[in-house]
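**Q** Following this message is one structure expressed as structure tokens.
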Amino acid sequence: MSVQKEIKKVTTNTLQKMKAAGEKITMLTAYDFSFARIIDGAGIDVILVGDSASNVMAGHETTLPITLDQMIYHASSVIRGIDRCLVVVDLPFGSYQSNSDIALASAVRIMKETGGHSIKLEGGEEVLESIRKIVSAGIPVMGHLGLTPQSIYKFGTYAVRAKEEAEADKLRRDAKLLEEAGCFAIVLEKIPASLAKEVSEGLHIPTIGIGAGPHCDGQVLVMHDMLGINTEFKPRFLRQYLNIHEMATHAVKQYIHDVKEKDFPNETEQY
Ligand code: KIV
């Protein structure tokens, strides 16, 4: 029996066991009650209430504008939709970078006001003190290295990170530091597959990849991308499983047609 199948509620401990057993971890983003219900019901291990809500829910160009209050709204909606999976909530830009007391206060708000199970924040050595403080308060922390979208204006582009040896070396060091600071897992975003393999094999905690190849301990995708709700974003790493954009457009056009043609509602669709 797999670790994943015998578990009633997924915890950070379950993810460690899955890594030890060589079982891949599945993670998808969700931002609302209804999709959380579908995704959890389908058997996902982890839902990430990502700050990608800033892009796919609010239509911003970057993840920077979303606020802590908005993340709390999304996360508490998700929590009401799940029974089994672990829920990780992103700390948004500006809610943890200035100092570790503010970081802890933001993490505490997430835990208290959403019922979420853990938080995620971006960065390595720079955010270590904050990670230590949040972990000491009993809050599980997921790290995030490689392409960290909250730093997009520092990078200047969404291209693959850590191709150069100096940046790859920093990432290797940061991954170890995050593990030592008590992170329970690390997202590796858009880095070479060979580097992700090396980092994953060198850690006891699981890595969750996005655009980081097949050797990570798990994979994550943004729900709107993999379901084809948002069809403009087509990076090489994305596998699109559905084209909801097309299906929904077709349904809406049919509804418009039916109303205009006085076909809807019919005799059985009225009181
Ligand atoms: O916010 C998000 O959706 C993320 C994933 C891309 C890992 O951080």
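Order determines the names: the first chain of the structure tokens is A, the second B, and so forth; residues in each chain are numbered 1 upward, and ligands are numbered 1 upward as they are shown.
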Excluding Val199 (chain A) and any residue of its chain fewer than 3 positions from it, enumerate the residues within 8 Å of it, using only C-alpha atoms, and give them as an MDAnalysis selection string.

**A** chainID A and resid 172 175 195:196 202:203

**Q** Within 6 Å of ligand 1, counting only C-alpha atoms and all ligand atoms: which residues, as a list in words?

**A**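 Every residue with an atom at most 6 Å from ligand 1 is listed here: Thr29, Gly50, Asp51, Ser52 and Val222 of chain A.
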
**Q** Restrict the selected residues to N, CA and C atoms and save them as an mmCIF file, in the first residue's frame.

**A**
data_model
loop_
_atom_site.group_PDB
_atom_site.id
_atom_site.type_symbol
_atom_site.label_atom_id
_atom_site.label_comp_id
_atom_site.auth_asym_id
_atom_site.auth_seq_id
_atom_site.Cartn_x
_atom_site.Cartn_y
_atom_site.Cartn_z
ATOM 1 N N THR A 29 -2.130 24.524 -7.516
ATOM 2 C CA THR A 29 -2.641 25.719 -6.850
ATOM 3 C C THR A 29 -4.170 25.682 -6.859
ATOM 4 N N GLY A 50 -1.391 29.920 -3.966
ATOM 5 C CA GLY A 50 -0.223 30.663 -4.444
ATOM 6 C C GLY A 50 -0.531 32.144 -4.598
ATOM 7 N N ASP A 51 0.537 32.936 -4.502
ATOM 8 C CA ASP A 51 0.338 34.366 -4.790
ATOM 9 C C ASP A 51 0.178 34.573 -6.302
ATOM 10 N N SER A 52 0.250 33.471 -7.085
ATOM 11 C CA SER A 52 -0.133 33.534 -8.501
ATOM 12 C C SER A 52 -1.603 33.917 -8.634
ATOM 13 N N VAL A 222 0.341 25.544 -11.833
ATOM 14 C CA VAL A 222 -0.745 26.487 -11.565
ATOM 15 C C VAL A 222 -2.005 25.915 -12.240
#

**Q** If you count only C-alpha atoms, which residues fall within 7 Å of Glu189 (chain A), apart from same-chain ones fewer than 2 positions away, as a PDB file with all heavy atoms, in the first residue's frame?

**A**
ATOM      1  N   LEU A 145      12.978  28.327  -4.182  1.00  0.00           N
ATOM      2  CA  LEU A 145      14.247  28.788  -4.772  1.00  0.00           C
ATOM      3  C   LEU A 145      14.194  28.698  -6.296  1.00  0.00           C
ATOM      4  O   LEU A 145      13.313  28.056  -6.862  1.00  0.00           O
ATOM      5  CB  LEU A 145      15.404  27.918  -4.259  1.00  0.00           C
ATOM      6  CG  LEU A 145      15.685  27.937  -2.747  1.00  0.00           C
ATOM      7  CD1 LEU A 145      16.736  26.877  -2.391  1.00  0.00           C
ATOM      8  CD2 LEU A 145      16.144  29.322  -2.285  1.00  0.00           C
ATOM      9  N   GLY A 146      15.189  29.312  -6.930  1.00  0.00           N
ATOM     10  CA  GLY A 146      15.249  29.319  -8.399  1.00  0.00           C
ATOM     11  C   GLY A 146      14.573  30.580  -8.886  1.00  0.00           C
ATOM     12  O   GLY A 146      14.906  31.689  -8.441  1.00  0.00           O
ATOM     13  N   LEU A 147      13.625  30.432  -9.815  1.00  0.00           N
ATOM     14  CA  LEU A 147      12.860  31.602 -10.250  1.00  0.00           C
ATOM     15  C   LEU A 147      11.868  31.938  -9.142  1.00  0.00           C
ATOM     16  O   LEU A 147      10.952  31.164  -8.864  1.00  0.00           O
ATOM     17  CB  LEU A 147      12.125  31.318 -11.554  1.00  0.00           C
ATOM     18  CG  LEU A 147      11.250  32.475 -12.049  1.00  0.00           C
ATOM     19  CD1 LEU A 147      12.104  33.681 -12.430  1.00  0.00           C
ATOM     20  CD2 LEU A 147      10.405  32.055 -13.228  1.00  0.00           C
ATOM     21  N   VAL A 187      10.158  24.378  -2.952  1.00  0.00           N
ATOM     22  CA  VAL A 187       9.793  24.479  -4.372  1.00  0.00           C
ATOM     23  C   VAL A 187      11.038  24.894  -5.149  1.00  0.00           C
ATOM     24  O   VAL A 187      11.754  25.830  -4.751  1.00  0.00           O
ATOM     25  CB  VAL A 187       8.668  25.517  -4.588  1.00  0.00           C
ATOM     26  CG1 VAL A 187       8.523  25.871  -6.070  1.00  0.00           C
ATOM     27  CG2 VAL A 187       7.347  24.995  -4.046  1.00  0.00           C
ATOM     28  N   ILE A 191      14.638  25.770 -13.050  1.00  0.00           N
ATOM     29  CA  ILE A 191      16.098  25.609 -13.014  1.00  0.00           C
ATOM     30  C   ILE A 191      16.437  24.369 -13.849  1.00  0.00           C
ATOM     31  O   ILE A 191      15.565  23.536 -14.099  1.00  0.00           O
ATOM     32  CB  ILE A 191      16.652  25.460 -11.569  1.00  0.00           C
ATOM     33  CG1 ILE A 191      16.082  24.202 -10.873  1.00  0.00           C
ATOM     34  CG2 ILE A 191      16.348  26.712 -10.737  1.00  0.00           C
ATOM     35  CD1 ILE A 191      16.770  23.877  -9.548  1.00  0.00           C
ATOM     36  N   GLY A 209       9.000  20.452  -7.846  1.00  0.00           N
ATOM     37  CA  GLY A 209       9.500  21.194  -9.013  1.00  0.00           C
ATOM     38  C   GLY A 209       8.403  21.800  -9.866  1.00  0.00           C
ATOM     39  O   GLY A 209       7.296  21.274  -9.959  1.00  0.00           O
ATOM     40  N   ILE A 210       8.760  22.926 -10.478  1.00  0.00           N
ATOM     41  CA  ILE A 210       7.924  23.492 -11.552  1.00  0.00           C
ATOM     42  C   ILE A 210       8.916  23.985 -12.604  1.00  0.00           C
ATOM     43  O   ILE A 210       9.736  24.870 -12.338  1.00  0.00           O
ATOM     44  CB  ILE A 210       6.947  24.583 -11.061  1.00  0.00           C
ATOM     45  CG1 ILE A 210       6.212  25.245 -12.248  1.00  0.00           C
ATOM     46  CG2 ILE A 210       7.600  25.626 -10.160  1.00  0.00           C
ATOM     47  CD1 ILE A 210       4.948  25.997 -11.867  1.00  0.00           C
ATOM     48  N   GLY A 211       8.924  23.322 -13.744  1.00  0.00           N
ATOM     49  CA  GLY A 211       9.939  23.638 -14.749  1.00  0.00           C
ATOM     50  C   GLY A 211      11.331  23.267 -14.260  1.00  0.00           C
ATOM     51  O   GLY A 211      12.319  23.911 -14.607  1.00  0.00           O
ATOM     52  N   ALA A 212      11.423  22.214 -13.440  1.00  0.00           N
ATOM     53  CA  ALA A 212      12.717  21.799 -12.885  1.00  0.00           C
ATOM     54  C   ALA A 212      12.989  20.324 -13.150  1.00  0.00           C
ATOM     55  O   ALA A 212      13.813  19.711 -12.463  1.00  0.00           O
ATOM     56  CB  ALA A 212      12.751  22.102 -11.380  1.00  0.00           C
TER      57      ALA A 212
END

**Q** Please return, as number ranges by chain, all residues of region 154-254 of chain A that DSSP assigns to strand (DSSP E or B) on the basis of the backbone.

**A** A: 185-189, 207-210, 218-221

**Q** Leaving out region 66-80 of chain A and any residue of its chain fewer than 4 positions from it, which residues lie within 6 Å of it when counting only C-alpha atoms, given as JSON, numbers by chain?

**A** {"A": [31, 32, 33, 36, 49, 54, 114]}

**Q** For Cys183 (chain A), which of A:Leu121, A:Val56, A:Ile38, A:Val220 is the closest residue, counting only C-alpha atoms?

**A**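 Counting only C-alpha atoms, the residue closest to Cys183 (chain A) is A:Leu121.
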
**Q** Please indicate the distance in Å from CA of Cys85 (chain A) to CA of Phe35 (chain A), rounded to one decimal place.

**A** 13.1 Å

**Q** Which of these residues is nearest to Asp90 (chain A), using only C-alpha atoms: A:Lys170, A:Arg132, A:His144, A:Lys8?

**A**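 Among the listed residues, the smallest separation from Asp90 (chain A) belongs to A:His144.
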
**Q** As a JSON list (two decimals) with N, CA, C and O atoms, in the first residue's frame, please: the residues near Ile208 (chain A) (cut-off 12 Å, only C-alpha atoms, same-chain neighbours under 4 positions excluded).

**A**
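Just written: out_20.json:
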[["chain", "number", "residue", "atom", "x", "y", "z"],
["A", 15, "LEU", "N", 4.65, 13.92, 3.67],
["A", 15, "LEU", "CA", 5.50, 14.25, 2.51],
["A", 15, "LEU", "C", 6.92, 13.71, 2.70],
["A", 15, "LEU", "O", 7.54, 13.22, 1.76],
["A", 16, "GLN", "N", 7.41, 13.79, 3.94],
["A", 16, "GLN", "CA", 8.75, 13.23, 4.23],
["A", 16, "GLN", "C", 8.74, 11.73, 3.95],
["A", 16, "GLN", "O", 9.67, 11.19, 3.35],
["A", 19, "LYS", "N", 8.78, 10.96, 0.28],
["A", 19, "LYS", "CA", 10.13, 11.09, -0.31],
["A", 19, "LYS", "C", 10.94, 9.83, 0.03],
["A", 19, "LYS", "O", 11.58, 9.25, -0.85],
["A", 24, "LYS", "N", 6.10, 9.98, -5.61],
["A", 24, "LYS", "CA", 6.05, 11.38, -6.05],
["A", 24, "LYS", "C", 4.91, 12.13, -5.35],
["A", 24, "LYS", "O", 3.82, 11.58, -5.13],
["A", 25, "ILE", "N", 5.18, 13.39, -5.04],
["A", 25, "ILE", "CA", 4.20, 14.26, -4.37],
["A", 25, "ILE", "C", 3.52, 15.13, -5.43],
["A", 25, "ILE", "O", 4.19, 15.68, -6.30],
["A", 26, "THR", "N", 2.18, 15.25, -5.32],
["A", 26, "THR", "CA", 1.45, 16.08, -6.29],
["A", 26, "THR", "C", 0.95, 17.35, -5.61],
["A", 26, "THR", "O", 0.40, 17.31, -4.52],
["A", 27, "MET", "N", 1.16, 18.47, -6.30],
["A", 27, "MET", "CA", 0.70, 19.75, -5.74],
["A", 27, "MET", "C", 0.12, 20.59, -6.89],
["A", 27, "MET", "O", 0.64, 20.58, -8.01],
["A", 28, "LEU", "N", -1.01, 21.24, -6.63],
["A", 28, "LEU", "CA", -1.62, 22.17, -7.59],
["A", 28, "LEU", "C", -2.02, 23.42, -6.82],
["A", 28, "LEU", "O", -2.29, 23.35, -5.62],
["A", 45, "ASP", "N", -2.15, 15.69, -3.18],
["A", 45, "ASP", "CA", -1.49, 15.66, -1.86],
["A", 45, "ASP", "C", -1.46, 17.05, -1.23],
["A", 45, "ASP", "O", -1.66, 17.18, -0.02],
["A", 46, "VAL", "N", -1.16, 18.07, -2.04],
["A", 46, "VAL", "CA", -0.98, 19.41, -1.49],
["A", 46, "VAL", "C", -1.69, 20.43, -2.38],
["A", 46, "VAL", "O", -1.57, 20.39, -3.60],
["A", 48, "LEU", "N", -1.56, 24.45, -3.03],
["A", 48, "LEU", "CA", -0.85, 25.70, -2.75],
["A", 48, "LEU", "C", -1.80, 26.87, -3.06],
["A", 48, "LEU", "O", -2.25, 27.00, -4.21],
["A", 142, "MET", "N", 7.42, 26.08, 3.86],
["A", 142, "MET", "CA", 7.93, 25.56, 2.59],
["A", 142, "MET", "C", 8.79, 26.67, 1.97],
["A", 142, "MET", "O", 8.37, 27.82, 1.93],
["A", 143, "GLY", "N", 9.99, 26.32, 1.52],
["A", 143, "GLY", "CA", 10.87, 27.30, 0.86],
["A", 143, "GLY", "C", 10.57, 27.36, -0.63],
["A", 143, "GLY", "O", 9.78, 26.57, -1.16],
["A", 144, "HIS", "N", 11.22, 28.30, -1.31],
["A", 144, "HIS", "CA", 11.00, 28.47, -2.76],
["A", 144, "HIS", "C", 12.27, 29.09, -3.34],
["A", 144, "HIS", "O", 12.60, 30.23, -3.01],
["A", 145, "LEU", "N", 12.98, 28.33, -4.18],
["A", 145, "LEU", "CA", 14.25, 28.79, -4.77],
["A", 145, "LEU", "C", 14.19, 28.70, -6.30],
["A", 145, "LEU", "O", 13.31, 28.06, -6.86],
["A", 146, "GLY", "N", 15.19, 29.31, -6.93],
["A", 146, "GLY", "CA", 15.25, 29.32, -8.40],
["A", 146, "GLY", "C", 14.57, 30.58, -8.89],
["A", 146, "GLY", "O", 14.91, 31.69, -8.44],
["A", 184, "PHE", "N", 10.06, 22.25, 5.64],
["A", 184, "PHE", "CA", 9.64, 20.85, 5.45],
["A", 184, "PHE", "C", 9.69, 20.42, 3.99],
["A", 184, "PHE", "O", 9.59, 19.23, 3.67],
["A", 185, "ALA", "N", 9.85, 21.38, 3.08],
["A", 185, "ALA", "CA", 9.94, 21.09, 1.64],
["A", 185, "ALA", "C", 10.40, 22.37, 0.94],
["A", 185, "ALA", "O", 10.34, 23.47, 1.53],
["A", 186, "ILE", "N", 10.86, 22.22, -0.29],
["A", 186, "ILE", "CA", 11.32, 23.40, -1.06],
["A", 186, "ILE", "C", 10.78, 23.31, -2.49],
["A", 186, "ILE", "O", 10.94, 22.27, -3.15],
["A", 187, "VAL", "N", 10.16, 24.38, -2.95],
["A", 187, "VAL", "CA", 9.79, 24.48, -4.37],
["A", 187, "VAL", "C", 11.04, 24.89, -5.15],
["A", 187, "VAL", "O", 11.75, 25.83, -4.75],
["A", 188, "LEU", "N", 11.31, 24.19, -6.25],
["A", 188, "LEU", "CA", 12.40, 24.57, -7.15],
["A", 188, "LEU", "C", 11.75, 25.00, -8.46],
["A", 188, "LEU", "O", 11.12, 24.17, -9.14],
["A", 189, "GLU", "N", 11.87, 26.26, -8.80],
["A", 189, "GLU", "CA", 11.16, 26.77, -9.98],
["A", 189, "GLU", "C", 12.14, 27.11, -11.09],
["A", 189, "GLU", "O", 13.10, 27.89, -10.89],
["A", 190, "LYS", "N", 11.88, 26.56, -12.26],
["A", 190, "LYS", "CA", 12.56, 26.89, -13.52],
["A", 190, "LYS", "C", 14.08, 26.92, -13.38],
["A", 190, "LYS", "O", 14.71, 27.97, -13.54],
["A", 191, "ILE", "N", 14.64, 25.77, -13.05],
["A", 191, "ILE", "CA", 16.10, 25.61, -13.01],
["A", 191, "ILE", "C", 16.44, 24.37, -13.85],
["A", 191, "ILE", "O", 15.56, 23.54, -14.10],
["A", 196, "ALA", "N", 18.39, 20.40, -10.34],
["A", 196, "ALA", "CA", 17.27, 20.00, -9.47],
["A", 196, "ALA", "C", 17.49, 18.57, -8.96],
["A", 196, "ALA", "O", 17.19, 18.26, -7.80],
["A", 197, "LYS", "N", 18.04, 17.71, -9.82],
["A", 197, "LYS", "CA", 18.31, 16.31, -9.43],
["A", 197, "LYS", "C", 19.34, 16.29, -8.29],
["A", 197, "LYS", "O", 19.15, 15.65, -7.26],
["A", 199, "VAL", "N", 20.22, 18.68, -6.22],
["A", 199, "VAL", "CA", 19.70, 19.28, -4.99],
["A", 199, "VAL", "C", 18.73, 18.31, -4.31],
["A", 199, "VAL", "O", 18.80, 18.09, -3.09],
["A", 200, "SER", "N", 17.84, 17.70, -5.09],
["A", 200, "SER", "CA", 16.83, 16.79, -4.52],
["A", 200, "SER", "C", 17.52, 15.60, -3.84],
["A", 200, "SER", "O", 17.11, 15.16, -2.76],
["A", 212, "ALA", "N", 11.42, 22.21, -13.44],
["A", 212, "ALA", "CA", 12.72, 21.80, -12.89],
["A", 212, "ALA", "C", 12.99, 20.32, -13.15],
["A", 212, "ALA", "O", 13.81, 19.71, -12.46],
["A", 213, "GLY", "N", 12.30, 19.75, -14.13],
["A", 213, "GLY", "CA", 12.60, 18.38, -14.55],
["A", 213, "GLY", "C", 11.96, 17.31, -13.69],
["A", 213, "GLY", "O", 11.26, 17.61, -12.72],
["A", 214, "PRO", "N", 12.24, 16.04, -14.07],
["A", 214, "PRO", "CA", 11.52, 14.90, -13.47],
["A", 214, "PRO", "C", 12.10, 14.36, -12.17],
["A", 214, "PRO", "O", 11.53, 13.45, -11.58],
["A", 215, "HIS", "N", 13.24, 14.89, -11.73],
["A", 215, "HIS", "CA", 13.91, 14.25, -10.59],
["A", 215, "HIS", "C", 13.53, 14.85, -9.24],
["A", 215, "HIS", "O", 14.00, 14.38, -8.21],
["A", 216, "CYS", "N", 12.70, 15.90, -9.26],
["A", 216, "CYS", "CA", 12.24, 16.46, -7.99],
["A", 216, "CYS", "C", 11.33, 15.42, -7.32],
["A", 216, "CYS", "O", 10.80, 14.53, -7.98],
["A", 217, "ASP", "N", 11.13, 15.58, -6.01],
["A", 217, "ASP", "CA", 10.31, 14.60, -5.28],
["A", 217, "ASP", "C", 8.83, 14.78, -5.56],
["A", 217, "ASP", "O", 8.02, 13.90, -5.26],
["A", 218, "GLY", "N", 8.46, 15.92, -6.11],
["A", 218, "GLY", "CA", 7.07, 16.16, -6.48],
["A", 218, "GLY", "C", 7.00, 17.21, -7.56],
["A", 218, "GLY", "O", 8.04, 17.77, -7.97],
["A", 219, "GLN", "N", 5.81, 17.48, -8.03],
["A", 219, "GLN", "CA", 5.60, 18.47, -9.09],
["A", 219, "GLN", "C", 4.46, 19.39, -8.69],
["A", 219, "GLN", "O", 3.51, 18.97, -8.02],
["A", 220, "VAL", "N", 4.54, 20.65, -9.12],
["A", 220, "VAL", "CA", 3.45, 21.60, -8.92],
["A", 220, "VAL", "C", 3.17, 22.33, -10.24],
["A", 220, "VAL", "O", 4.10, 22.59, -11.01],
["A", 221, "LEU", "N", 1.89, 22.60, -10.51],
["A", 221, "LEU", "CA", 1.51, 23.46, -11.63],
["A", 221, "LEU", "C", 0.44, 24.43, -11.13],
["A", 221, "LEU", "O", -0.26, 24.15, -10.15]]

**Q** Between A:Gln240, A:Phe233, A:His117, A:Thr148, which has the minimum distance to Ala162 (chain A) (counting only C-alpha atoms)?

**A**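 Distance minimum relative to Ala162 (chain A) lands on A:Thr148.
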
**Q** Measure the distance from CA of Val10 (chain A) to CA of Lys176 (chain A) in Å and round it to one decimal.

**A** 24.4 Å

**Q** Calculated over only C-alpha atoms, which of the candidates A:Thr268, A:Ile152, A:Ile102, A:Met111 has the smallest distance to Glu129 (chain A)?

**A**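 Comparing A:Thr268, A:Ile152, A:Ile102, A:Met111 against Glu129 (chain A), the winner is A:Ile102.
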
**Q** Quick one: pull the distance between CA of Gln97 (chain A) and CA of Ile205 (chain A), Å, one decimal.

**A**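 We find that CA of Gln97 (chain A) and CA of Ile205 (chain A) lie 23.8 Å from each other.
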
**Q** Can you pull out every residue from region 36-233 of chain A that DSSP, working from the backbone, puts in helix (DSSP H, G or I), and format the result as a VMD selection string?

**A** chain A and resid 36 to 41 53 to 56 68 to 79 100 to 114 125 to 136 149 to 155 165 to 181 193 to 202 223 to 226

**Q** Deliver the residues from the most recent selection as a file, using C-alpha atoms, as a compact mmCIF listing (two decimals), in the first residue's frame.

**A**
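Listed below is the output, selection-v5.txt:
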# COMPACT_ATOMS: atom_id res chain seq x y z
CA ALA A 36 -10.36 23.25 -3.91
CA ARG A 37 -13.23 20.76 -3.55
CA ILE A 38 -12.57 19.28 -7.01
CA ILE A 39 -8.80 19.12 -6.57
CA ASP A 40 -8.89 17.67 -3.05
CA GLY A 41 -11.65 15.23 -4.06
CA ALA A 53 -3.72 34.47 -7.52
CA SER A 54 -2.44 37.96 -8.27
CA ASN A 55 -2.08 36.93 -11.94
CA VAL A 56 -4.79 34.38 -12.58
CA LEU A 68 -1.97 39.67 2.90
CA ASP A 69 -5.71 40.32 3.39
CA GLN A 70 -6.41 39.07 -0.14
CA MET A 71 -4.30 35.93 0.42
CA ILE A 72 -6.24 35.33 3.65
CA TYR A 73 -9.54 35.59 1.74
CA HIS A 74 -8.38 33.05 -0.89
CA ALA A 75 -6.86 30.66 1.66
CA SER A 76 -9.90 30.60 3.95
CA SER A 77 -12.12 29.84 0.91
CA VAL A 78 -9.83 26.94 -0.06
CA ILE A 79 -9.79 25.54 3.46
CA SER A 100 11.62 38.56 10.94
CA ASP A 101 9.07 39.95 13.44
CA ILE A 102 6.88 41.17 10.59
CA ALA A 103 7.38 37.84 8.82
CA LEU A 104 6.23 35.96 11.93
CA ALA A 105 3.24 38.28 12.38
CA SER A 106 2.19 37.66 8.75
CA ALA A 107 2.56 33.89 9.11
CA VAL A 108 0.54 33.95 12.35
CA ARG A 109 -2.27 35.88 10.62
CA ILE A 110 -2.37 33.26 7.85
CA MET A 111 -2.58 30.40 10.34
CA LYS A 112 -5.14 32.08 12.64
CA GLU A 113 -7.41 33.66 10.05
CA THR A 114 -7.45 30.96 7.34
CA GLU A 125 19.97 33.05 2.98
CA GLU A 126 18.25 36.50 2.93
CA VAL A 127 15.11 35.15 4.62
CA LEU A 128 16.73 32.59 6.92
CA GLU A 129 16.13 34.48 10.16
CA SER A 130 12.43 34.80 9.29
CA ILE A 131 12.18 31.10 8.49
CA ARG A 132 13.81 30.18 11.82
CA LYS A 133 11.43 32.44 13.74
CA ILE A 134 8.31 31.14 11.96
CA VAL A 135 9.39 27.50 12.40
CA SER A 136 10.13 28.18 16.11
CA PRO A 149 8.50 35.64 -9.08
CA GLN A 150 8.37 38.19 -6.25
CA SER A 151 11.91 39.22 -7.36
CA ILE A 152 10.99 39.62 -11.03
CA TYR A 153 12.18 43.24 -11.15
CA LYS A 154 15.60 42.13 -9.84
CA PHE A 155 15.85 39.31 -12.42
CA GLU A 165 27.80 28.11 -11.90
CA ALA A 166 27.81 31.01 -9.38
CA GLU A 167 24.01 31.10 -9.19
CA ALA A 168 23.81 27.29 -9.14
CA ASP A 169 26.27 27.25 -6.21
CA LYS A 170 24.20 29.78 -4.29
CA LEU A 171 21.09 27.68 -4.90
CA ARG A 172 22.84 24.52 -3.62
CA ARG A 173 23.92 26.42 -0.46
CA ASP A 174 20.50 28.01 0.02
CA ALA A 175 18.74 24.65 -0.25
CA LYS A 176 20.92 23.23 2.55
CA LEU A 177 20.38 26.34 4.68
CA LEU A 178 16.60 26.10 4.26
CA GLU A 179 16.68 22.45 5.28
CA GLU A 180 18.81 23.26 8.34
CA ALA A 181 16.47 26.13 9.27
CA ALA A 193 16.86 19.44 -14.46
CA SER A 194 20.40 18.28 -13.64
CA LEU A 195 20.74 20.86 -10.84
CA ALA A 196 17.27 20.00 -9.47
CA LYS A 197 18.31 16.31 -9.43
CA GLU A 198 21.50 17.06 -7.51
CA VAL A 199 19.70 19.28 -4.99
CA SER A 200 16.83 16.79 -4.52
CA GLU A 201 19.25 13.91 -3.92
CA GLY A 202 21.28 15.95 -1.44
CA MET A 223 -4.29 25.14 -11.90
CA HIS A 224 -5.39 27.77 -14.44
CA ASP A 225 -2.50 26.79 -16.72
CA MET A 226 -2.90 23.00 -16.55

**Q** Name the closest residue to Ser118 (chain A) among the candidates A:Ala137, A:Asn99, A:Val88, A:Phe237; distances are taken between atoms, counting only C-alpha atoms.

**A** A:Val88
